[in-house]
$ cat upload_30.txt   # compact mmCIF, C-alpha atoms
# COMPACT_ATOMS: atom_id res chain seq x y z
CA MET A 7 193.54 123.00 137.32
CA ASN A 8 194.19 125.79 134.85
CA ASP A 9 195.73 128.32 137.22
CA LYS A 10 195.04 131.44 135.15
CA LEU A 11 192.20 133.66 136.25
CA ALA A 12 190.75 137.05 135.37
CA ALA A 13 189.12 138.91 138.24
CA ILE A 14 186.64 141.51 137.03
CA VAL A 15 184.93 144.30 138.95
CA ILE A 16 182.21 146.35 137.28
CA THR A 17 180.78 149.60 138.58
CA ARG A 18 178.51 152.17 136.96
CA HIS A 19 181.30 154.18 135.40
CA ARG A 20 184.28 151.84 135.24
CA ALA A 21 185.34 148.23 134.90
CA ALA A 22 188.67 146.81 136.09
CA ALA A 23 190.40 143.49 135.69
CA ALA A 24 193.32 141.72 137.35
CA ILE A 25 195.02 138.79 135.67
CA PHE A 26 196.43 136.10 137.91
CA SER A 27 198.66 133.18 137.19
CA GLY A 28 198.44 131.01 140.32
CA THR A 29 198.52 133.49 143.17
CA GLN A 30 200.82 135.84 141.29
CA LEU A 31 199.31 139.05 140.02
CA HIS A 32 200.33 139.38 136.40
CA TYR A 33 198.50 142.42 135.05
CA VAL A 34 195.87 145.04 135.92
CA GLU A 35 193.79 147.17 133.59
CA ASN A 36 190.63 149.29 133.66
CA ARG A 37 188.19 150.96 131.29
CA VAL A 38 185.96 154.00 131.73
CA LEU A 39 182.34 153.24 130.86
CA SER A 40 180.07 155.77 129.24
CA SER A 41 176.94 156.91 131.06
CA ALA A 42 174.98 155.96 127.92
CA PRO A 43 174.05 152.28 128.46
CA PRO A 44 174.52 151.04 124.85
CA LYS A 45 177.95 152.68 124.61
CA ALA A 46 178.97 151.34 128.04
CA ALA A 47 177.83 147.85 127.04
CA ASN A 48 179.91 147.99 123.85
CA THR A 49 183.02 149.16 125.70
CA LEU A 50 182.59 146.53 128.39
CA LEU A 51 182.07 143.65 125.97
CA ALA A 52 185.05 144.77 123.90
CA PHE A 53 187.16 144.95 127.09
CA ILE A 54 186.10 141.45 128.19
CA GLY A 55 186.69 140.08 124.69
CA TRP A 56 190.12 141.65 124.57
CA LEU A 57 191.06 140.20 127.98
CA MET A 58 189.92 136.71 126.98
CA GLU A 59 191.85 136.80 123.70
CA GLU A 60 194.96 138.57 124.93
CA PHE A 61 195.51 136.41 128.01
CA LYS A 62 193.84 133.21 126.76
CA MET A 63 191.65 133.10 129.85
CA GLU A 64 189.54 130.10 130.74
CA ALA A 65 188.34 131.19 134.18
CA VAL A 66 186.79 134.40 135.42
CA VAL A 67 185.57 135.66 138.76
CA LEU A 68 183.11 138.53 138.95
CA GLN A 69 182.45 140.68 141.97
CA VAL A 70 178.77 140.96 142.73
CA GLY A 71 177.40 143.16 145.44
CA GLU A 72 174.10 144.51 146.59
CA VAL A 73 173.39 145.55 143.03
CA SER A 74 169.81 145.07 141.91
CA PRO A 75 169.53 143.25 138.56
CA GLU A 76 167.32 146.09 137.29
CA THR A 77 170.02 148.73 137.64
CA HIS A 78 172.39 149.69 134.86
CA THR A 79 175.31 147.98 136.64
CA GLY A 80 173.24 144.85 137.35
CA GLN A 81 172.32 144.59 133.69
CA MET A 82 175.93 144.98 132.63
CA ILE A 83 177.02 142.21 135.02
CA ASP A 84 174.30 139.94 133.57
CA MET A 85 175.45 140.79 130.07
CA VAL A 86 179.07 139.93 130.91
CA GLU A 87 177.97 136.64 132.48
CA SER A 88 176.04 135.68 129.34
CA SER A 89 178.98 136.62 127.15
CA LEU A 90 181.36 134.48 129.24
CA LYS A 91 178.94 131.55 129.23
CA GLU A 92 178.78 131.72 125.44
CA ARG A 93 182.56 131.41 125.41
CA SER A 94 182.39 128.39 127.76
CA ILE A 95 184.50 130.14 130.35
CA SER A 96 184.36 128.95 133.97
CA LEU A 97 182.68 131.63 136.03
CA TRP A 98 182.48 132.37 139.73
CA ARG A 99 180.72 135.14 141.60
CA VAL A 100 182.02 136.58 144.85
CA ARG A 101 180.22 139.05 147.05
CA LYS A 102 181.96 142.15 148.33
CA THR A 103 181.02 141.19 151.90
CA ASP A 104 182.93 137.89 151.51
CA LEU A 105 186.05 139.87 150.67
CA LEU A 106 185.66 142.18 153.67
CA ASP A 107 185.35 139.07 155.80
CA ALA A 108 188.32 137.29 154.24
CA TYR A 109 190.92 140.05 154.30
CA ALA A 110 191.15 140.64 158.05
CA HIS A 111 190.29 139.26 161.42
CA PRO A 112 188.02 140.70 162.78
CA ARG A 113 186.46 141.56 159.42
CA LEU A 114 187.09 144.84 157.60
CA ALA A 115 184.46 147.55 157.82
CA ASN A 116 184.59 148.97 154.31
CA GLN A 117 186.10 148.97 150.84
CA LYS A 118 188.61 151.69 151.75
CA GLN A 119 190.22 149.40 154.34
CA LEU A 120 190.28 146.58 151.80
CA ARG A 121 192.19 148.80 149.37
CA LEU A 122 194.71 149.58 152.11
CA VAL A 123 195.28 145.85 152.58
CA ALA A 124 195.74 145.51 148.82
CA THR A 125 198.48 148.14 148.80
CA SER A 126 200.31 146.28 151.62
CA ILE A 127 200.17 143.01 149.69
CA TRP A 128 201.11 144.58 146.33
CA PRO A 129 203.07 147.75 147.17
CA HIS A 130 204.19 148.03 143.55
CA LEU A 131 200.60 148.89 142.58
CA ILE A 132 201.15 152.24 144.29
CA ASP A 133 204.26 152.83 142.16
CA THR A 134 202.37 151.98 138.98
CA GLN A 135 199.51 154.28 140.09
CA ALA A 136 196.89 151.57 139.83
CA HIS A 137 193.28 152.75 139.89
CA PRO A 138 191.42 151.88 143.16
CA LEU A 139 189.11 149.60 141.17
CA GLU A 140 192.18 147.68 139.96
CA LEU A 141 193.07 147.13 143.63
CA ASP A 142 189.56 145.74 144.13
CA ALA A 143 190.06 143.40 141.20
CA ALA A 144 193.41 142.25 142.63
CA THR A 145 191.91 141.41 146.04
CA LEU A 146 189.05 139.58 144.32
CA GLY A 147 191.48 137.55 142.21
CA LEU A 148 193.70 136.51 145.10
CA TYR A 149 190.65 135.50 147.14
CA MET A 150 189.37 133.31 144.31
CA GLN A 151 192.75 131.75 143.53
CA THR A 152 193.21 130.86 147.20
CA GLU A 153 189.72 129.33 147.30
CA ARG A 154 190.57 127.25 144.25
CA LEU A 155 193.87 126.17 145.76
CA LEU A 156 192.30 125.16 149.07
CA HIS A 157 189.51 123.25 147.36
CA SER A 158 191.61 121.51 144.70
CA MET B 1 209.69 161.80 102.38
CA LEU B 2 209.96 158.09 101.61
CA SER B 3 206.86 156.07 102.40
CA ASN B 4 206.01 152.38 102.19
CA LYS B 5 202.81 151.34 100.47
CA ASN B 6 199.94 150.69 102.88
CA GLN B 7 202.19 151.15 105.87
CA PHE B 8 199.24 152.42 107.94
CA PRO B 9 196.21 150.35 106.90
CA ASN B 10 192.98 152.14 107.76
CA GLN B 11 189.22 152.25 107.30
CA ILE B 12 188.98 155.71 105.71
CA ARG B 13 188.04 154.46 102.26
CA ARG B 14 185.52 151.92 103.57
CA LEU B 15 183.79 154.46 105.82
CA ARG B 16 183.87 157.14 103.14
CA LYS B 17 182.10 154.74 100.79
CA LYS B 18 179.67 153.79 103.55
CA HIS B 19 178.75 157.47 103.86
CA ARG B 20 178.44 157.62 100.05
CA LEU B 21 181.07 160.33 99.73
CA THR B 22 183.55 160.85 96.95
CA GLN B 23 187.11 161.96 97.74
CA LYS B 24 186.22 165.42 96.43
CA GLN B 25 183.17 165.66 98.70
CA ILE B 26 184.95 164.55 101.85
CA ILE B 27 187.85 166.90 101.19
CA LEU B 28 185.31 169.74 101.07
CA LEU B 29 183.71 168.58 104.31
CA LEU B 30 187.11 168.43 105.98
CA HIS B 31 188.04 171.96 104.81
CA TYR B 32 191.06 170.44 103.15
CA THR B 33 192.55 171.33 99.80
CA ASP B 34 195.25 168.81 99.02
CA LYS B 35 193.69 165.85 97.20
CA THR B 36 197.08 164.14 96.73
CA MET B 37 197.79 164.12 100.46
CA PHE B 38 194.28 162.88 101.25
CA SER B 39 194.83 160.04 98.83
CA LYS B 40 198.11 159.16 100.59
CA TYR B 41 196.37 159.10 103.97
CA GLU B 42 193.55 156.97 102.60
CA ARG B 43 195.89 154.46 101.00
CA GLY B 44 197.92 154.25 104.20
CA HIS B 45 201.13 155.70 102.81
CA LEU B 46 201.26 158.35 105.49
CA LEU B 47 199.71 159.05 108.90
CA PRO B 48 197.59 162.22 108.92
CA PRO B 49 198.14 165.01 111.46
CA LEU B 50 196.02 164.86 114.62
CA ASP B 51 193.77 167.75 113.60
CA PHE B 52 192.96 166.03 110.32
CA ALA B 53 192.34 162.66 112.01
CA MET B 54 189.93 164.30 114.46
CA ARG B 55 188.01 165.93 111.61
CA LEU B 56 187.78 162.51 109.95
CA GLU B 57 186.54 161.05 113.21
CA ILE B 58 183.70 163.62 113.27
CA GLU B 59 182.73 163.41 109.62
CA LEU B 60 182.85 159.62 109.40
CA GLU B 61 181.18 159.17 112.82
CA THR B 62 183.86 156.85 114.11
CA THR B 63 186.91 156.90 116.39
CA ILE B 64 190.58 157.25 115.54
CA ALA B 65 191.14 153.82 117.13
CA GLU B 66 188.61 152.33 114.71
CA LEU B 67 189.97 154.21 111.72
CA TYR B 68 193.45 152.84 112.40
CA SER B 69 192.38 149.65 114.15
CA LYS B 70 195.45 147.59 113.18
CA HIS B 71 197.89 150.31 114.20
CA TYR B 72 195.89 150.86 117.41
CA ARG B 73 196.01 147.14 118.26
CA GLU B 74 199.78 147.08 117.72
CA LEU B 75 200.26 150.10 120.00
CA LYS B 76 197.95 148.54 122.59
CA GLN B 77 199.88 145.26 122.46
CA GLU B 78 203.15 147.14 123.02
CA SER B 79 201.55 148.96 125.93
CA VAL B 80 200.35 145.68 127.49
CA ILE B 81 203.83 144.19 127.26
CA ARG B 82 205.39 147.37 128.68
CA ARG B 83 202.94 147.49 131.61
CA ALA B 84 203.39 143.79 132.38
CA ARG B 85 207.15 144.34 132.41
CA GLN B 86 206.73 147.41 134.59
CA ILE B 87 204.66 145.42 137.11
CA SER B 88 207.13 142.57 137.03
CA ARG B 89 210.09 144.98 137.52
CA ALA B 90 208.28 146.75 140.36
CA GLN B 91 207.54 143.38 141.98
CA SER B 92 211.17 142.33 141.84
CA SER B 93 212.37 145.63 143.27
CA VAL B 94 210.18 145.39 146.38
CA LYS B 95 212.52 145.06 149.32
CA MET B 96 212.22 141.69 150.98
CA PRO B 97 212.62 141.37 154.75
CA ALA B 98 215.94 140.09 156.05
CA LEU B 99 216.30 136.34 155.88
CA THR B 100 216.84 135.86 159.57
CA LYS B 101 214.48 133.45 161.26
CA PRO B 102 211.84 135.53 163.05
CA THR B 103 211.29 135.13 166.73
CA MET B 104 207.82 134.64 168.20
CA SER B 105 207.63 138.23 169.47
CA THR B 106 208.61 139.77 166.11
CA ILE B 107 205.97 137.69 164.34
CA LEU B 108 203.29 138.68 166.85
CA SER B 109 204.17 142.35 166.69
CA ARG B 110 203.99 142.27 162.90
CA VAL B 111 200.68 140.50 162.56
CA ALA B 112 198.44 142.56 164.78
CA THR B 113 197.41 146.18 164.49
CA PRO B 114 197.21 148.24 167.71
CA THR B 115 193.45 147.62 167.78
CA GLY B 116 194.02 143.88 167.62
CA GLN B 117 192.79 143.47 164.06
CA PHE B 118 194.98 141.35 161.82
CA ARG B 119 195.38 142.47 158.20
CA PRO B 120 197.57 140.36 155.93
CA GLN B 121 200.59 142.07 154.40
CA THR B 122 201.69 139.22 152.16
CA ILE B 123 200.02 136.59 150.00
CA LEU B 124 201.24 133.88 152.40
CA GLN B 125 199.65 135.63 155.38
CA PHE B 126 196.39 135.98 153.48
CA GLN B 127 196.37 132.30 152.57
CA THR B 128 197.14 131.35 156.17
CA LEU B 129 194.24 133.48 157.37
CA GLN B 130 191.96 131.58 154.97
CA ILE B 131 193.09 128.26 156.42
CA ALA B 132 192.39 129.47 159.96
CA ARG B 133 188.95 130.71 158.83
CA LYS B 134 188.06 127.46 157.11
CA VAL B 135 189.01 125.24 160.03
CA ASP B 136 187.05 127.68 162.18
CA ASP B 137 190.01 128.54 164.38
CA ARG B 138 190.44 132.25 163.81
CA LEU B 139 190.94 132.89 167.51
CA ASN B 140 194.22 130.97 167.26
CA LEU B 141 195.23 132.72 164.06
CA ARG B 142 198.60 133.64 165.49
CA ASN B 143 199.57 129.96 165.79
CA TYR B 144 198.85 129.44 162.09
CA LEU B 145 200.86 132.53 161.15
CA VAL B 146 203.82 131.27 163.17
CA LEU B 147 203.57 127.92 161.35
CA ALA B 148 203.51 129.67 158.01
CA GLU B 149 206.69 131.58 158.89
CA HIS B 150 208.52 128.43 159.94
CA TYR B 151 207.27 125.67 157.65
CA PRO B 152 206.88 125.35 153.89
CA TRP B 153 203.45 126.29 152.55
CA ASP B 154 203.01 122.74 151.21
CA VAL B 155 202.93 121.39 154.79
CA LEU B 156 200.09 123.75 155.73
CA LEU B 157 198.24 123.01 152.53
CA LYS B 158 198.55 119.25 152.97
CA SER B 159 197.36 119.51 156.57
CA PHE B 160 194.43 121.66 155.46
CA HIS B 161 193.38 119.26 152.70
CA HIS B 162 193.41 116.46 155.26
CA ALA B 163 191.31 118.59 157.64
CA ALA B 164 188.88 119.53 154.86
CA ASN B 165 188.11 115.84 154.33
CA ALA B 166 187.21 115.41 157.97
CA LYS B 167 183.52 116.16 158.52
CA ASP B 168 183.83 117.38 162.13
CA HIS B 169 186.59 118.82 164.27
CA GLN B 170 188.49 120.16 161.29
CA ARG B 171 190.74 122.16 163.60
CA ASP B 172 191.88 119.01 165.42
CA ALA B 173 192.28 117.17 162.12
CA PHE B 174 194.50 119.97 160.84
CA TRP B 175 196.78 119.94 163.85
CA ASN B 176 196.95 116.13 163.99
CA GLN B 177 197.95 115.95 160.36
CA PHE B 178 200.44 118.78 160.79
CA ARG B 179 202.10 116.99 163.73
CA GLN B 180 202.19 113.76 161.75
CA ILE B 181 203.92 115.38 158.76
CA THR B 182 206.46 117.30 160.80
CA HIS B 183 207.11 114.25 163.04
CA GLN B 184 207.90 112.16 159.94
CA ASP B 185 210.35 114.85 158.85
CA TYR B 186 212.13 114.71 162.21
CA GLU B 187 212.40 110.91 162.02
CA ARG B 188 214.05 111.15 158.64

$ encode --input "upload_30.txt" --output "structure tokens"
Amino acid sequence: MNDKLAAIVITRHRAAAAIFSGTQLHYVENRVLSSAPPKAANTLLAFIGWLMEEFKMEAVVLQVGEVSPETHTGQMIDMVESSLKERSISLWRVRKTDLLDAYAHPRLANQKQLRLVATSIWPHLIDTQAHPLELDAATLGLYMQTERLLHS
Amino acid sequence: MLSNKNQFPNQIRRLRKKHRLTQKQIILLLHYTDKTMFSKYERGHLLPPLDFAMRLEIELETTIAELYSKHYRELKQESVIRRARQISRAQSSVKMPALTKPTMSTILSRVATPTGQFRPQTILQFQTLQIARKVDDRLNLRNYLVLAEHYPWDVLLKSFHHAANAKDHQRDAFWNQFRQITHQDYER
């Protein structure tokens, strides 16, 4: 198993990524996306392309939520998926609700609580003033890497 | 000032040509007077001042990052390396708990919030929670967390993989395998 993974979270105005090697968080980064769809799409594709080249990624996990495919965010997620498929990159999708379920027992109620858990697991992300969306990407990445480890 | 030839490669000339502008015309558009300096910027002998670069950005309908794409990439690369180092330094400076073997009560007090909800504080605790979820034994989560504190992760993982292969009673399969592995260790 190639143990490198990029976890990517996309929202209407921002995209964030966390790079994992095994279960170790290696790097986090985010990009602001324009409210103009073509500009946002360009920024996002450039960001994904840069991540794939810079970190030589072969596996990606995307967070998908209750986003309708017709919305701007839904279309951007579809676009990223197509771009990754063209690059023959392994792709997984994880729902936000799965993360809320996985990061506590009984399950967490909301994203804010999930971010609090992230700061306990990676306290250094507070020191480096990571964006909240980068915390989301980190929790997504650890979840996926653990799934891969348990199912290997 | 000494300057190396093409020290700052850029797209000014290409974009100027794309907009069908001569040097004279663009200098007029930029409200600039010094043709020699413009030529030095264009040939990459010198970096222009910020104000000038921003005017170029407007007139050539581009971005500074695109105008100086190579220089921008180099700066970005440096930034990536610096941030990765910063994260790695921050990770290594996180204070680790004392290496004394925890007692049952200290483990239990650490792993439960006052409301009874357990939220992992380490990667190991998170992974242990996933094992308890997958063998459908979350009610006994504390037992798994105690195991994780006392035994190497490999033992838990091996026991889980064994349990995952069992179609039913995965919880029992996990514990049977765990006992088998640890019993073998004692015999050795």

$ closest_atom_pairs --input "upload_30.txt" --of "chain B" --to "chain A" --cutoff "6 Å" --atoms "all atoms listed in the file" --output "CSV"
residue,atom,partner,partner_atom,distance
B:Ala84,CA,A:Tyr33,CA,5.7
B:Ala90,CA,A:His130,CA,5.3
B:Gln91,CA,A:His130,CA,5.9
B:Gln117,CA,A:His111,CA,5.6
B:Phe118,CA,A:His111,CA,5.2
B:Arg119,CA,A:Ala110,CA,4.6
B:Gln121,CA,A:Ile127,CA,4.8
B:Thr122,CA,A:Ile127,CA,4.8

$ closest_residue --input "upload_30.txt" --among "A:Gln135, A:Thr103, A:Gln81, A:Ser40" --to "B:Arg83" --atoms "all atoms listed in the file"
A:Gln135

$ axis_aligned_box --input "upload_30.txt" --around "stretch 59-76 of chain B" --padding-each-side "4 Å" --output "lines of an AutoDock Vina configuration file"
center_x = 190.7
center_y = 155.2
center_z = 116.0
size_x = 27.1
size_y = 24.3
size_z = 21.2

$ residues_around --input "upload_30.txt" --residues "B:Phe160" --least-positions-apart "4" --cutoff "8 Å" --atoms "all atoms listed in the file" --output "list in words"
Leu156 of chain A; Ile131, Val135, Leu156, Ala164 and Phe174 of chain B

$ write_last_selection --input "upload_30.txt" --atoms "C-alpha atoms" --output "PDB file, in the frame of the given file"
ATOM      1  CA  LEU A 156     192.300 125.160 149.070  1.00  0.00           C
TER       2      LEU A 156
ATOM      3  CA  ILE B 131     193.090 128.260 156.420  1.00  0.00           C
ATOM      4  CA  VAL B 135     189.010 125.240 160.030  1.00  0.00           C
ATOM      5  CA  LEU B 156     200.090 123.750 155.730  1.00  0.00           C
ATOM      6  CA  ALA B 164     188.880 119.530 154.860  1.00  0.00           C
ATOM      7  CA  PHE B 174     194.500 119.970 160.840  1.00  0.00           C
TER       8      PHE B 174
END

$ atom_distance --input "upload_30.txt" --atom1 "atom CA of B:Val146" --atom2 "atom CA of B:His162"
19.8 Å

$ closest_residue --input "upload_30.txt" --among "A:Ala21, A:Ala47, A:Val66, A:Ala12" --to "A:Arg99" --atoms "all atoms listed in the file"
A:Val66

$ atom_distance --input "upload_30.txt" --atom1 "atom CA of A:Met150" --atom2 "atom CA of B:Ala132"
16.4 Å

$ residues_around --input "upload_30.txt" --residues "stretch 68-77 of chain A" --least-positions-apart "5" --cutoff "10 Å" --atoms "only C-alpha atoms" --output "ChimeraX atom specification"
/A:12-18,23,82-84,86-87,97-105,142-143,146-147,150

$ residues_around --input "upload_30.txt" --residues "stretch 29-46 of chain B" --least-positions-apart "4" --cutoff "10 Å" --atoms "all atoms listed in the file" --output "list of chain:residue names"
B:Met1, B:Leu2, B:Ser3, B:Asn4, B:Lys5, B:Asn6, B:Gln7, B:Phe8, B:Pro9, B:Asn10, B:Gln11, B:Ile12, B:Arg13, B:Arg14, B:Arg16, B:Leu21, B:Gln23, B:Lys24, B:Gln25, B:Phe52, B:Ala53, B:Met54, B:Arg55, B:Leu56, B:Ile58, B:Glu59, B:Tyr68

$ write_last_selection --input "upload_30.txt" --atoms "C-alpha atoms" --output "PDB file, in the coordinates of the input"
ATOM      1  CA  MET B   1     209.690 161.800 102.380  1.00  0.00           C
ATOM      2  CA  LEU B   2     209.960 158.090 101.610  1.00  0.00           C
ATOM      3  CA  SER B   3     206.860 156.070 102.400  1.00  0.00           C
ATOM      4  CA  ASN B   4     206.010 152.380 102.190  1.00  0.00           C
ATOM      5  CA  LYS B   5     202.810 151.340 100.470  1.00  0.00           C
ATOM      6  CA  ASN B   6     199.940 150.690 102.880  1.00  0.00           C
ATOM      7  CA  GLN B   7     202.190 151.150 105.870  1.00  0.00           C
ATOM      8  CA  PHE B   8     199.240 152.420 107.940  1.00  0.00           C
ATOM      9  CA  PRO B   9     196.210 150.350 106.900  1.00  0.00           C
ATOM     10  CA  ASN B  10     192.980 152.140 107.760  1.00  0.00           C
ATOM     11  CA  GLN B  11     189.220 152.250 107.300  1.00  0.00           C
ATOM     12  CA  ILE B  12     188.980 155.710 105.710  1.00  0.00           C
ATOM     13  CA  ARG B  13     188.040 154.460 102.260  1.00  0.00           C
ATOM     14  CA  ARG B  14     185.520 151.920 103.570  1.00  0.00           C
ATOM     15  CA  ARG B  16     183.870 157.140 103.140  1.00  0.00           C
ATOM     16  CA  LEU B  21     181.070 160.330  99.730  1.00  0.00           C
ATOM     17  CA  GLN B  23     187.110 161.960  97.740  1.00  0.00           C
ATOM     18  CA  LYS B  24     186.220 165.420  96.430  1.00  0.00           C
ATOM     19  CA  GLN B  25     183.170 165.660  98.700  1.00  0.00           C
ATOM     20  CA  PHE B  52     192.960 166.030 110.320  1.00  0.00           C
ATOM     21  CA  ALA B  53     192.340 162.660 112.010  1.00  0.00           C
ATOM     22  CA  MET B  54     189.930 164.300 114.460  1.00  0.00           C
ATOM     23  CA  ARG B  55     188.010 165.930 111.610  1.00  0.00           C
ATOM     24  CA  LEU B  56     187.780 162.510 109.950  1.00  0.00           C
ATOM     25  CA  ILE B  58     183.700 163.620 113.270  1.00  0.00           C
ATOM     26  CA  GLU B  59     182.730 163.410 109.620  1.00  0.00           C
ATOM     27  CA  TYR B  68     193.450 152.840 112.400  1.00  0.00           C
TER      28      TYR B  68
END
